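K.L.:
My structure file start.cif, mmCIF, C-alpha atoms, is below:
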data_run
loop_
_atom_site.label_atom_id
_atom_site.label_comp_id
_atom_site.auth_asym_id
_atom_site.auth_seq_id
_atom_site.Cartn_x
_atom_site.Cartn_y
_atom_site.Cartn_z
CA MET A 1 0.00 0.00 0.00
CA GLU A 2 1.51 3.32 -1.10
CA LYS A 3 0.95 5.71 1.78
CA ALA A 4 0.88 8.96 -0.24
CA ARG A 5 -1.74 7.56 -2.62
CA ILE A 6 -3.96 6.42 0.26
CA GLU A 7 -3.57 9.68 2.15
CA GLU A 8 -4.71 11.61 -0.93
CA TRP A 9 -7.78 9.37 -1.18
CA LYS A 10 -8.52 9.87 2.53
CA ASP A 11 -8.36 13.65 2.08
CA LEU A 12 -11.41 13.47 -0.22
CA ARG A 13 -13.64 12.03 2.55
CA PHE A 14 -16.95 12.09 0.61
CA GLY A 15 -18.02 10.45 -2.64
CA MET A 16 -21.06 9.42 -4.68
CA PHE A 17 -21.91 5.78 -5.40
CA ILE A 18 -24.22 5.14 -8.37
CA HIS A 19 -26.09 1.86 -8.86
CA TRP A 20 -27.66 1.88 -12.31
CA GLY A 21 -28.42 -0.74 -14.93
CA LEU A 22 -31.20 -2.83 -16.49
CA TYR A 23 -32.69 -3.51 -13.06
CA ALA A 24 -33.85 0.12 -12.92
CA LEU A 25 -36.48 -0.77 -15.55
CA LEU A 26 -38.17 -3.08 -13.04
CA GLY A 27 -37.86 -0.73 -10.06
CA ARG A 28 -37.38 -3.52 -7.54
CA GLY A 29 -33.73 -3.11 -6.66
CA GLU A 30 -30.45 -4.27 -8.16
CA TRP A 31 -30.87 -7.89 -6.95
CA VAL A 32 -34.23 -8.40 -8.68
CA MET A 33 -32.91 -10.95 -11.19
CA TYR A 34 -31.55 -13.15 -8.41
CA ASN A 35 -34.28 -12.59 -5.83
CA GLU A 36 -37.09 -13.37 -8.26
CA ALA A 37 -35.13 -16.02 -10.20
CA ILE A 38 -35.91 -14.30 -13.51
CA PRO A 39 -34.84 -16.55 -16.41
CA VAL A 40 -31.65 -15.42 -18.12
CA GLU A 41 -33.23 -14.98 -21.56
CA GLU A 42 -36.21 -13.11 -20.13
CA TYR A 43 -33.91 -10.74 -18.25
CA ARG A 44 -31.73 -10.29 -21.33
CA GLU A 45 -34.70 -8.94 -23.29
CA LEU A 46 -34.83 -5.93 -20.96
CA LYS A 47 -31.97 -4.46 -22.95
CA GLU A 48 -34.40 -3.78 -25.79
CA GLN A 49 -36.32 -1.46 -23.45
CA PHE A 50 -33.23 0.24 -22.05
CA THR A 51 -33.28 3.53 -23.94
CA ALA A 52 -31.98 5.74 -21.10
CA GLU A 53 -33.35 8.63 -23.12
CA LYS A 54 -32.68 11.27 -20.44
CA PHE A 55 -29.23 10.09 -19.39
CA ASP A 56 -26.89 13.02 -18.81
CA ALA A 57 -23.58 12.22 -17.14
CA ARG A 58 -22.92 15.92 -16.59
CA ALA A 59 -26.10 16.17 -14.52
CA TRP A 60 -24.86 13.31 -12.35
CA ALA A 61 -21.49 14.97 -11.91
CA LYS A 62 -23.16 18.27 -11.08
CA ALA A 63 -25.29 16.60 -8.40
CA ALA A 64 -22.13 15.12 -6.86
CA LYS A 65 -20.26 18.42 -7.09
CA ASP A 66 -23.18 20.35 -5.58
CA ALA A 67 -23.27 17.82 -2.73
CA GLY A 68 -19.66 18.61 -1.86
CA MET A 69 -18.52 15.19 -3.01
CA LYS A 70 -14.98 14.78 -4.33
CA TYR A 71 -15.25 11.50 -6.23
CA MET A 72 -17.76 9.20 -7.92
CA VAL A 73 -18.01 5.40 -8.28
CA LEU A 74 -20.26 3.96 -11.01
CA THR A 75 -21.46 0.36 -11.28
CA THR A 76 -19.87 -0.41 -14.64
CA ARG A 77 -21.28 -3.92 -14.28
CA HIS A 78 -23.35 -5.42 -11.48
CA HIS A 79 -24.03 -9.10 -10.66
CA ASP A 80 -26.60 -9.38 -13.47
CA GLY A 81 -23.75 -9.21 -16.00
CA PHE A 82 -24.98 -6.17 -17.95
CA SER A 83 -22.02 -3.94 -18.87
CA LEU A 84 -22.44 -0.20 -19.29
CA TRP A 85 -19.70 0.05 -21.92
CA ASP A 86 -18.79 -1.42 -25.30
CA SER A 87 -17.10 -4.53 -23.93
CA PRO A 88 -15.61 -7.12 -26.32
CA GLY A 89 -15.00 -9.38 -23.31
CA SER A 90 -18.65 -9.53 -22.25
CA ILE A 91 -20.17 -13.01 -22.42
CA ASP A 92 -22.84 -12.95 -25.17
CA HIS A 93 -22.15 -9.21 -25.74
CA PHE A 94 -24.52 -8.23 -22.94
CA THR A 95 -23.70 -4.53 -23.05
CA SER A 96 -25.23 -1.08 -23.32
CA MET A 97 -23.93 -0.79 -26.88
CA ASN A 98 -26.14 -3.77 -27.73
CA SER A 99 -29.13 -2.26 -25.94
CA ALA A 100 -31.73 0.15 -27.29
CA ALA A 101 -29.60 3.01 -25.94
CA ARG A 102 -26.54 2.05 -28.03
CA LYS A 103 -24.25 4.10 -25.80
CA ASP A 104 -20.99 3.69 -23.92
CA PHE A 105 -22.22 5.14 -20.64
CA VAL A 106 -18.89 4.58 -18.93
CA ARG A 107 -17.11 6.88 -21.38
CA GLU A 108 -19.61 9.68 -20.91
CA TYR A 109 -19.42 9.23 -17.14
CA VAL A 110 -15.62 9.43 -17.12
CA GLU A 111 -15.63 12.57 -19.27
CA ALA A 112 -18.22 14.24 -17.02
CA CYS A 113 -16.25 13.43 -13.86
CA ARG A 114 -13.09 14.92 -15.28
CA GLU A 115 -14.87 18.07 -16.48
CA ALA A 116 -16.27 18.56 -12.98
CA GLY A 117 -12.90 17.95 -11.29
CA LEU A 118 -14.10 14.76 -9.59
CA LYS A 119 -11.98 11.65 -9.08
CA VAL A 120 -13.12 8.74 -11.28
CA GLY A 121 -14.15 5.45 -9.70
CA PHE A 122 -15.27 2.17 -11.29
CA TYR A 123 -17.36 -0.44 -9.47
CA TYR A 124 -16.94 -3.89 -10.99
CA SER A 125 -18.52 -7.19 -10.01
CA PRO A 126 -16.76 -10.40 -11.09
CA LEU A 127 -20.02 -12.26 -10.40
CA ASP A 128 -22.47 -13.05 -13.16
CA TRP A 129 -25.82 -14.68 -12.41
CA ARG A 130 -26.11 -15.70 -16.06
CA CYS A 131 -23.27 -18.20 -15.58
CA PRO A 132 -24.12 -21.60 -14.06
CA GLY A 133 -20.43 -21.90 -13.29
CA PHE A 134 -20.82 -19.22 -10.65
CA PHE A 135 -23.44 -21.23 -8.75
CA PHE A 136 -21.95 -24.69 -9.39
CA PRO A 137 -18.30 -24.19 -10.43
CA LYS A 138 -17.39 -27.88 -10.21
CA MET A 139 -20.39 -29.09 -12.22
CA TYR A 140 -20.09 -26.33 -14.85
CA ARG A 141 -16.35 -25.96 -14.99
CA LYS A 142 -16.27 -24.51 -18.52
CA SER A 143 -18.77 -21.82 -17.53
CA ALA A 144 -16.77 -21.04 -14.38
CA MET A 145 -13.60 -20.54 -16.43
CA GLU A 146 -15.47 -18.31 -18.88
CA LEU A 147 -16.62 -16.24 -15.92
CA ARG A 148 -13.05 -15.90 -14.69
CA GLN A 149 -11.80 -14.96 -18.15
CA GLN A 150 -14.55 -12.36 -18.53
CA THR A 151 -13.39 -10.70 -15.32
CA HIS A 152 -9.77 -10.46 -16.48
CA ASP A 153 -10.71 -9.26 -19.96
CA GLN A 154 -13.20 -6.65 -18.80
CA LEU A 155 -10.93 -5.22 -16.14
CA ARG A 156 -8.21 -4.83 -18.75
CA GLU A 157 -10.69 -2.95 -20.95
CA LEU A 158 -11.81 -0.63 -18.18
CA LEU A 159 -8.28 0.15 -17.05
CA THR A 160 -6.89 0.61 -20.56
CA ASP A 161 -9.53 2.46 -22.60
CA TYR A 162 -10.59 5.35 -20.35
CA GLY A 163 -7.43 7.13 -19.27
CA LYS A 164 -6.48 7.58 -15.62
CA ILE A 165 -8.83 5.83 -13.20
CA ASP A 166 -8.54 6.78 -9.54
CA ILE A 167 -10.59 4.13 -7.72
CA LEU A 168 -11.47 0.48 -8.44
CA TRP A 169 -14.33 -0.83 -6.32
CA PHE A 170 -14.84 -4.60 -6.43
CA ASP A 171 -17.96 -6.30 -5.12
CA GLY A 172 -18.57 -10.02 -4.61
CA GLY A 173 -15.17 -11.08 -5.88
CA GLU A 174 -14.12 -12.82 -2.70
CA ASP A 175 -13.36 -16.49 -3.35
CA SER A 176 -15.96 -17.46 -0.75
CA TRP A 177 -18.78 -16.12 -2.97
CA LEU A 178 -18.22 -18.82 -5.56
CA GLY A 179 -20.84 -21.55 -5.19
CA TRP A 180 -23.71 -19.42 -3.96
CA GLY A 181 -25.93 -21.90 -5.79
CA ARG A 182 -26.17 -23.62 -2.43
CA ASN A 183 -28.30 -20.73 -1.32
CA PHE A 184 -30.01 -19.98 -4.65
CA ASN A 185 -33.48 -18.43 -4.54
CA LYS A 186 -33.25 -18.03 -0.77
CA VAL A 187 -33.30 -21.77 0.01
CA ASP A 188 -32.45 -22.13 3.68
CA VAL A 189 -29.01 -23.66 3.20
CA PRO A 190 -25.88 -22.15 4.78
CA ARG A 191 -23.66 -20.11 2.52
CA VAL A 192 -20.10 -21.15 1.86
CA PRO A 193 -18.14 -20.20 5.03
CA ARG A 194 -16.16 -17.04 4.40
CA ASP A 195 -12.97 -18.62 5.77
CA GLN A 196 -13.44 -21.86 3.79
CA PRO A 197 -13.84 -20.94 0.09
CA LEU A 198 -14.63 -23.75 -2.33
CA TYR A 199 -11.86 -22.71 -4.72
CA PRO A 200 -9.18 -20.56 -3.08
CA GLY A 201 -7.54 -18.32 -5.63
CA PHE A 202 -10.25 -18.89 -8.24
CA TRP A 203 -10.30 -15.28 -9.47
CA GLY A 204 -6.53 -15.13 -9.78
CA GLY A 205 -6.15 -12.33 -7.29
CA GLU A 206 -2.37 -12.09 -7.55
CA GLU A 207 -2.48 -11.91 -11.35
CA LEU A 208 -5.33 -9.37 -11.26
CA ASN A 209 -3.55 -7.23 -8.73
CA GLU A 210 -0.39 -7.15 -10.83
CA MET A 211 -2.38 -6.21 -13.94
CA ILE A 212 -4.32 -3.49 -12.14
CA ARG A 213 -1.23 -1.89 -10.59
CA THR A 214 0.65 -2.04 -13.91
CA LEU A 215 -2.13 -0.47 -15.97
CA GLN A 216 -3.08 2.12 -13.34
CA PRO A 217 -0.11 2.70 -10.98
CA GLY A 218 -1.86 5.40 -8.96
CA ILE A 219 -5.18 3.62 -8.46
CA VAL A 220 -6.76 2.88 -5.07
CA VAL A 221 -8.49 -0.53 -4.82
CA ASN A 222 -10.89 -1.91 -2.22
CA ASN A 223 -10.55 -5.34 -0.60
CA ARG A 224 -13.42 -7.30 -2.19
CA CYS A 225 -11.69 -9.44 -4.81
CA GLY A 226 -9.62 -12.56 -4.23
CA ASN A 227 -7.17 -12.18 -1.38
CA PRO A 228 -8.24 -9.09 0.62
CA THR A 229 -4.59 -8.28 1.36
CA TYR A 230 -4.33 -6.94 -2.19
CA GLY A 231 -6.80 -4.18 -1.34
CA ASP A 232 -5.96 -0.70 -0.09
CA PHE A 233 -9.09 -0.12 1.99
CA LYS A 234 -11.94 -2.03 3.61
CA THR A 235 -15.61 -1.36 2.94
CA PRO A 236 -18.22 -1.74 5.67
CA GLU A 237 -21.64 -1.77 3.97
CA GLU A 238 -24.78 -0.01 5.21
CA THR A 239 -23.05 0.56 8.53
CA ILE A 240 -20.53 3.11 9.73
CA GLY A 241 -17.15 1.54 10.33
CA ASN A 242 -15.48 1.44 13.72
CA PHE A 243 -12.79 3.96 14.61
CA ASP A 244 -9.61 2.80 12.88
CA ARG A 245 -6.50 4.84 12.19
CA THR A 246 -4.43 1.80 11.21
CA TYR A 247 -6.30 0.47 8.14
CA PRO A 248 -8.05 2.83 5.67
CA TRP A 249 -11.80 2.32 5.30
CA GLU A 250 -14.87 3.65 3.56
CA SER A 251 -18.50 3.08 4.54
CA CYS A 252 -20.80 2.60 1.56
CA MET A 253 -24.30 3.72 2.47
CA THR A 254 -27.55 4.39 0.63
CA ILE A 255 -29.36 7.71 0.64
CA ASN A 256 -32.73 5.98 1.06
CA GLY A 257 -32.20 2.36 2.17
CA ILE A 258 -31.92 0.80 -1.31
CA TRP A 259 -29.11 0.61 -3.88
CA GLY A 260 -30.91 0.22 -7.22
CA TRP A 261 -33.89 2.43 -8.00
CA VAL A 262 -37.23 1.70 -6.30
CA PRO A 263 -40.07 4.22 -6.65
CA ASN A 264 -41.38 6.24 -3.71
CA LYS A 265 -38.33 5.69 -1.49
CA LYS A 266 -37.80 8.96 0.36
CA PRO A 267 -34.23 10.10 1.03
CA TYR A 268 -32.93 10.33 4.55
CA SER A 269 -33.21 13.68 6.30
CA LEU A 270 -30.46 16.27 6.09
CA ARG A 271 -29.61 15.61 9.72
CA ASP A 272 -29.24 11.89 9.06
CA CYS A 273 -27.05 12.44 6.00
CA ILE A 274 -24.74 14.77 7.89
CA ARG A 275 -24.67 12.33 10.79
CA LEU A 276 -23.52 9.53 8.45
CA LEU A 277 -20.76 11.69 7.01
CA THR A 278 -19.44 13.03 10.30
CA GLN A 279 -19.61 9.64 12.02
CA ALA A 280 -17.48 8.19 9.23
CA VAL A 281 -14.94 10.99 9.21
CA THR A 282 -14.54 11.16 12.99
CA GLY A 283 -13.84 7.41 12.83
CA ASP A 284 -11.12 8.19 10.24
CA GLY A 285 -13.13 6.78 7.35
CA ASN A 286 -14.65 8.02 4.10
CA LEU A 287 -18.33 7.96 3.15
CA LEU A 288 -19.55 6.71 -0.23
CA LEU A 289 -23.23 7.68 -0.44
CA ASN A 290 -25.33 5.87 -3.03
CA VAL A 291 -27.94 7.26 -5.41
CA GLY A 292 -29.89 4.94 -7.72
CA PRO A 293 -31.05 6.75 -10.90
CA ARG A 294 -34.24 5.83 -12.70
CA ALA A 295 -34.21 3.78 -15.89
CA ASP A 296 -34.33 6.89 -18.06
CA GLY A 297 -31.05 8.01 -16.51
CA THR A 298 -32.35 10.78 -14.25
CA MET A 299 -31.89 11.07 -10.52
CA GLU A 300 -34.98 11.71 -8.45
CA PRO A 301 -35.29 15.46 -7.78
CA GLU A 302 -35.90 14.95 -4.07
CA GLN A 303 -32.62 13.06 -3.75
CA VAL A 304 -30.75 15.71 -5.75
CA SER A 305 -32.26 18.39 -3.51
CA ARG A 306 -31.15 16.57 -0.37
CA LEU A 307 -27.63 16.23 -1.75
CA LYS A 308 -27.56 19.96 -2.49
CA GLU A 309 -28.50 20.64 1.15
CA VAL A 310 -25.55 18.51 2.27
CA GLY A 311 -23.35 20.47 -0.10
CA ASP A 312 -24.57 23.77 1.30
CA TRP A 313 -23.70 22.53 4.79
CA LEU A 314 -20.24 21.47 3.64
CA ALA A 315 -19.69 24.84 1.96
CA ARG A 316 -19.98 26.38 5.43
CA TYR A 317 -18.29 23.75 7.57
CA GLY A 318 -16.18 21.65 5.20
CA GLU A 319 -12.93 22.66 6.88
CA ALA A 320 -13.86 20.20 9.64
CA ILE A 321 -14.30 17.38 7.09
CA TYR A 322 -12.03 17.63 4.05
CA GLY A 323 -8.38 16.75 4.52
CA THR A 324 -8.94 15.85 8.17
CA ARG A 325 -8.17 12.69 10.11
CA GLY A 326 -10.27 11.04 12.79
CA GLY A 327 -9.20 11.68 16.36
CA PRO A 328 -7.04 12.35 18.24
CA PHE A 329 -9.60 10.72 20.55
CA LYS A 330 -11.99 7.92 19.63
CA ASN A 331 -15.53 8.89 18.62
CA THR A 332 -18.61 7.75 20.51
CA ALA A 333 -22.32 7.43 19.69
CA ASN A 334 -23.02 11.11 20.20
CA GLY A 335 -19.80 12.84 19.25
CA GLY A 336 -16.25 12.66 17.97
CA MET A 337 -13.29 14.62 16.69
CA THR A 338 -11.45 15.37 13.49
CA TYR A 339 -8.14 17.17 13.17
CA LYS A 340 -5.92 18.86 10.64
CA ASP A 341 -2.50 20.39 11.24
CA ASN A 342 -2.71 22.09 14.65
CA VAL A 343 -6.52 22.22 14.89
CA ILE A 344 -8.98 19.82 16.52
CA TYR A 345 -12.65 19.94 15.52
CA VAL A 346 -15.06 18.56 18.11
CA HIS A 347 -18.34 17.26 16.64
CA VAL A 348 -21.41 16.85 18.85
CA TRP A 349 -24.54 15.22 17.40
CA ASP A 350 -26.62 14.65 20.53
CA TRP A 351 -26.52 16.97 23.50
CA LYS A 352 -27.24 14.49 26.27
CA GLU A 353 -25.54 16.80 28.78
CA ASN A 354 -25.60 20.58 29.17
CA GLU A 355 -21.83 20.74 28.71
CA TYR A 356 -18.98 18.50 27.64
CA THR A 357 -15.33 18.29 28.65
CA THR A 358 -12.66 16.91 26.35
CA PRO A 359 -9.94 14.55 27.58
CA GLU A 360 -6.62 16.18 28.41
CA ILE A 361 -5.01 17.46 25.22
CA PRO A 362 -1.17 17.20 25.39
CA ALA A 363 -0.55 20.56 23.72
CA GLY A 364 -0.96 24.24 24.46
CA ILE A 365 -4.47 25.52 23.69
CA VAL A 366 -4.28 28.76 21.73
CA SER A 367 -7.98 29.43 21.11
CA VAL A 368 -11.47 27.87 21.25
CA SER A 369 -14.31 28.88 18.93
CA SER A 370 -17.32 27.37 17.20
CA LEU A 371 -18.05 27.02 13.50
CA THR A 372 -21.76 26.45 14.06
CA ALA A 373 -22.79 28.09 17.34
CA SER A 374 -23.40 31.77 17.85
CA ASP A 375 -23.46 31.39 21.66
CA LEU A 376 -20.46 29.42 22.95
CA SER A 377 -19.39 29.17 26.58
CA CYS A 378 -16.06 27.52 27.29
CA SER A 379 -13.23 27.22 29.78
CA VAL A 380 -9.80 25.59 29.73
CA SER A 381 -8.20 23.81 32.67
CA ASP A 382 -5.26 21.36 32.72
CA GLY A 383 -5.46 20.81 28.98
CA ARG A 384 -9.17 20.05 29.05
CA VAL A 385 -11.79 22.15 27.29
CA THR A 386 -15.25 22.40 28.83
CA PHE A 387 -17.85 23.86 26.48
CA SER A 388 -21.55 24.46 26.10
CA VAL A 389 -23.78 26.14 23.52
CA SER A 390 -27.27 27.60 23.72
CA PRO A 391 -30.34 25.34 23.32
CA ALA A 392 -31.02 26.94 19.94
CA ASP A 393 -27.50 26.11 18.71
CA ARG A 394 -27.94 22.49 19.79
CA LEU A 395 -30.55 22.07 17.06
CA GLN A 396 -27.78 22.03 14.46
CA PRO A 397 -27.22 18.60 12.81
CA ASP A 398 -23.66 18.81 14.10
CA THR A 399 -22.24 21.25 16.64
CA ILE A 400 -18.60 21.93 15.74
CA ILE A 401 -16.09 23.33 18.23
CA LYS A 402 -12.71 24.42 16.87
CA ILE A 403 -9.67 24.11 19.16
CA GLU A 404 -6.42 25.64 17.92
CA LEU A 405 -3.21 24.25 19.43
CA ASP A 406 0.43 25.31 19.57
CA ARG A 407 1.69 22.17 17.78
CA PRO A 408 0.50 19.67 15.17
CA VAL A 409 -1.99 17.08 16.40
CA GLU A 410 -0.18 14.32 14.50
CA GLU A 411 2.68 14.60 16.98
CA PHE A 412 0.55 13.09 19.75
CA ALA A 413 -2.32 11.32 17.94
CA GLU A 414 -2.34 7.62 18.85
CA ALA A 415 -3.41 4.64 16.73
CA GLU A 416 -5.58 3.31 19.58
CA PRO A 417 -6.67 6.37 21.58
CA SER A 418 -9.03 6.62 24.50
CA SER A 419 -12.60 7.75 23.88
CA PHE A 420 -13.55 11.36 23.28
CA TRP A 421 -15.71 11.18 26.39
CA THR A 422 -17.38 8.54 28.52
CA GLU A 423 -21.06 8.10 27.74
#
Would you put the structure from the file into structure tokens?
P.N.:
Amino acid sequence: MEKARIEEWKDLRFGMFIHWGLYALLGRGEWVMYNEAIPVEEYRELKEQFTAEKFDARAWAKAAKDAGMKYMVLTTRHHDGFSLWDSPGSIDHFTSMNSAARKDFVREYVEACREAGLKVGFYYSPLDWRCPGFFFPKMYRKSAMELRQQTHDQLRELLTDYGKIDILWFDGGEDSWLGWGRNFNKVDVPRVPRDQPLYPGFWGGEELNEMIRTLQPGIVVNNRCGNPTYGDFKTPEETIGNFDRTYPWESCMTINGIWGWVPNKKPYSLRDCIRLLTQAVTGDGNLLLNVGPRADGTMEPEQVSRLKEVGDWLARYGEAIYGTRGGPFKNTANGGMTYKDNVIYVHVWDWKENEYTTPEIPAGIVSVSSLTASDLSCSVSDGRVTFSVSPADRLQPDTIIKIELDRPVEEFAEAEPSSFWTE
């Protein structure tokens, strides 16, 4: 893991995940083919309806930019096998160029990201529900090997044909996923144990890793394909990761509880969205927040509006988020800290007490102020800061206290610190 490359990725802190594909036509989530056991040929015919007539990659990039996001990750191909680019390596040419849309959506997405100054991320799933070799690799060995070859060929395409790619986000490529036929259509049979894969090394993780790093030397890769040690960061899903300054991480979360588009799913409140972001960052993680566009390629206006509200908040208080690190004390359920250079930012989400006192800070305290509160009361004693804000100021989604020190926080920040405060 190249430290400078990872530190640059951590500085970004906030990105947009996009789940979009044929499944949006059905409006029942990205797992609809698997969950409803839709026949392969029947599902394939959806491509003739996939016109995506209102698709505008620049509108997506603008929504991310307006939200204060610094990078985007698009599902170039999900588990249903449908590829959003002109892929020669696709089994049976199941691609957007062979759909009614006849477009390379990945190319337009990449161009829009670059125009907007956003880092470019590709999600890629090695899985393919169309292949019996995925479910029963021993019985359908030829199909399993075709699946493996498709993965290698398509990754080479994605990392060769679109210029510099900043992030590669695997999903379902762990060796323990192979053989999920044991649990097909929700039959109550245990999955393959994660620590006992049927075919260790099936995906050729070492070979893939070498290819990826050769084609894109500066890329950051998650840990969901083959041997997780090849990955640069871990990815807790639909949960905020635990405080961890030793191994980079990113929580992937949805804006409304579902990845692929489902109608009438309201986005989370502004307070909840800000809570997700600040909980991740105070834990020293990033947040990748998912939006699922409709089949026509448009994002729901209510979701775009909510993202804009988050962006407005970040425009005011982003100094406590971007380029920061979690700590120097461990976050708790109702508050945490970020820091940058010689400044600590205290974040309070729930005012369970009238005032809070920080642990002893081993540095001289130069000043204490608040980014969010107009009425701050504070005192300093023995390196501890005791602070309170007015009841009206406590209504903020996140109360932020700024503590300026006489030396850089990194000089005393510990990998395994004590908690910010005892709850």
K.L.:
Need to verify the contact set: stretch 57-67 of chain A, 9 Å, all atoms listed in the file, exclusion of same-chain residues closer than 4 positions in sequence. Can you return it as a list in words?
P.N.:
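Returned residues: Gly15, Met16, Tyr71, Met72, Phe105, Glu108, Tyr109, Val110, Glu111, Ala112, Cys113, Glu115, Ala116, Gly117, Leu118, Gly297, Thr298, Met299, Val304, Ser305, Arg306, Leu307, Lys308, Glu309, Val310, Gly311, Asp312, Trp313 and Leu314 of chain A.
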K.L.:
Using 7 Å as the limit and counting only C-alpha atoms, can you tabulate each residue of stretch 116-182 of chain A that touches stretch 217-227 of chain A, with its shortest atom-to-atom distance in Å and the two atoms involved, as JSON lines?
P.N.:
{"residue": "A:Ile165", "atom": "CA", "partner": "A:Ile219", "partner_atom": "CA", "distance": 6.4}
{"residue": "A:Asp166", "atom": "CA", "partner": "A:Ile219", "partner_atom": "CA", "distance": 4.7}
{"residue": "A:Ile167", "atom": "CA", "partner": "A:Val220", "partner_atom": "CA", "distance": 4.8}
{"residue": "A:Leu168", "atom": "CA", "partner": "A:Val221", "partner_atom": "CA", "distance": 4.8}
{"residue": "A:Trp169", "atom": "CA", "partner": "A:Asn222", "partner_atom": "CA", "distance": 5.5}
{"residue": "A:Phe170", "atom": "CA", "partner": "A:Arg224", "partner_atom": "CA", "distance": 5.2}
{"residue": "A:Asp171", "atom": "CA", "partner": "A:Arg224", "partner_atom": "CA", "distance": 5.5}
{"residue": "A:Gly172", "atom": "CA", "partner": "A:Arg224", "partner_atom": "CA", "distance": 6.3}
{"residue": "A:Gly173", "atom": "CA", "partner": "A:Cys225", "partner_atom": "CA", "distance": 4.0}
{"residue": "A:Glu174", "atom": "CA", "partner": "A:Cys225", "partner_atom": "CA", "distance": 4.7}
{"residue": "A:Asp175", "atom": "CA", "partner": "A:Gly226", "partner_atom": "CA", "distance": 5.5}
K.L.:
Would you write out those residues with C-alpha atoms, as an mmCIF file, in the coordinates of the input?
P.N.:
data_model
loop_
_atom_site.group_PDB
_atom_site.id
_atom_site.type_symbol
_atom_site.label_atom_id
_atom_site.label_comp_id
_atom_site.auth_asym_id
_atom_site.auth_seq_id
_atom_site.Cartn_x
_atom_site.Cartn_y
_atom_site.Cartn_z
ATOM 1 C CA ILE A 165 -8.830 5.830 -13.200
ATOM 2 C CA ASP A 166 -8.540 6.780 -9.540
ATOM 3 C CA ILE A 167 -10.590 4.130 -7.720
ATOM 4 C CA LEU A 168 -11.470 0.480 -8.440
ATOM 5 C CA TRP A 169 -14.330 -0.830 -6.320
ATOM 6 C CA PHE A 170 -14.840 -4.600 -6.430
ATOM 7 C CA ASP A 171 -17.960 -6.300 -5.120
ATOM 8 C CA GLY A 172 -18.570 -10.020 -4.610
ATOM 9 C CA GLY A 173 -15.170 -11.080 -5.880
ATOM 10 C CA GLU A 174 -14.120 -12.820 -2.700
ATOM 11 C CA ASP A 175 -13.360 -16.490 -3.350
#
K.L.:
For this file, the PyMOL selection byres ((chain A and resi 276) around 12) selects which residues, as number ranges by chain?
P.N.:
A: 13-14, 238-241, 250-255, 268-275, 277-283, 285-289, 310, 333-335, 349, 397-398
K.L.:
I'd like the residues picked by the PyMOL selection byres ((chain A and resi 322) around 9) written out as a CSV table (one decimal) with C-alpha atoms, in the frame of the given file, using the chain letters and numbers from the file.
P.N.:
chain,number,residue,atom,x,y,z
A,10,LYS,CA,-8.5,9.9,2.5
A,11,ASP,CA,-8.4,13.6,2.1
A,12,LEU,CA,-11.4,13.5,-0.2
A,13,ARG,CA,-13.6,12.0,2.6
A,14,PHE,CA,-17.0,12.1,0.6
A,281,VAL,CA,-14.9,11.0,9.2
A,318,GLY,CA,-16.2,21.6,5.2
A,319,GLU,CA,-12.9,22.7,6.9
A,320,ALA,CA,-13.9,20.2,9.6
A,321,ILE,CA,-14.3,17.4,7.1
A,323,GLY,CA,-8.4,16.8,4.5
A,324,THR,CA,-8.9,15.8,8.2
A,325,ARG,CA,-8.2,12.7,10.1
K.L.:
Give as an mmCIF file with C-alpha atoms, in the frame of the given file the residues that the PyMOL selection byres ((chain A and resi 400) around 10) matches when applied to the coordinates above.
P.N.:
data_model
loop_
_atom_site.group_PDB
_atom_site.id
_atom_site.type_symbol
_atom_site.label_atom_id
_atom_site.label_comp_id
_atom_site.auth_asym_id
_atom_site.auth_seq_id
_atom_site.Cartn_x
_atom_site.Cartn_y
_atom_site.Cartn_z
ATOM 1 C CA TYR A 317 -18.290 23.750 7.570
ATOM 2 C CA ALA A 320 -13.860 20.200 9.640
ATOM 3 C CA GLY A 335 -19.800 12.840 19.250
ATOM 4 C CA GLY A 336 -16.250 12.660 17.970
ATOM 5 C CA MET A 337 -13.290 14.620 16.690
ATOM 6 C CA THR A 338 -11.450 15.370 13.490
ATOM 7 C CA ILE A 344 -8.980 19.820 16.520
ATOM 8 C CA TYR A 345 -12.650 19.940 15.520
ATOM 9 C CA VAL A 346 -15.060 18.560 18.110
ATOM 10 C CA HIS A 347 -18.340 17.260 16.640
ATOM 11 C CA VAL A 348 -21.410 16.850 18.850
ATOM 12 C CA TRP A 349 -24.540 15.220 17.400
ATOM 13 C CA SER A 369 -14.310 28.880 18.930
ATOM 14 C CA SER A 370 -17.320 27.370 17.200
ATOM 15 C CA LEU A 371 -18.050 27.020 13.500
ATOM 16 C CA THR A 372 -21.760 26.450 14.060
ATOM 17 C CA ALA A 373 -22.790 28.090 17.340
ATOM 18 C CA GLN A 396 -27.780 22.030 14.460
ATOM 19 C CA PRO A 397 -27.220 18.600 12.810
ATOM 20 C CA ASP A 398 -23.660 18.810 14.100
ATOM 21 C CA THR A 399 -22.240 21.250 16.640
ATOM 22 C CA ILE A 401 -16.090 23.330 18.230
ATOM 23 C CA LYS A 402 -12.710 24.420 16.870
ATOM 24 C CA ILE A 403 -9.670 24.110 19.160
#
K.L.:
In Å, rounded to a single decimal, give me how far atom CA of A:Ile18 is from atom CA of A:Val291.
P.N.:
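Separating atom CA of A:Val291 from atom CA of A:Ile18 is a distance of 5.2 Å.
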K.L.:
Under the rule that all atoms listed in the file are counted, which of A:Ala4, A:Ala101, A:Val120, A:Val40 is the nearest residue to A:Ala52?
P.N.:
A:Ala101
K.L.:
Which residues are near stretch 78-88 of chain A? Cut-off 7 Å, only C-alpha atoms, ignore same chain within fewer than 4 positions. Put them as number ranges by chain.
P.N.:
A: 33, 93-97, 104-106, 124-125, 127-130, 154
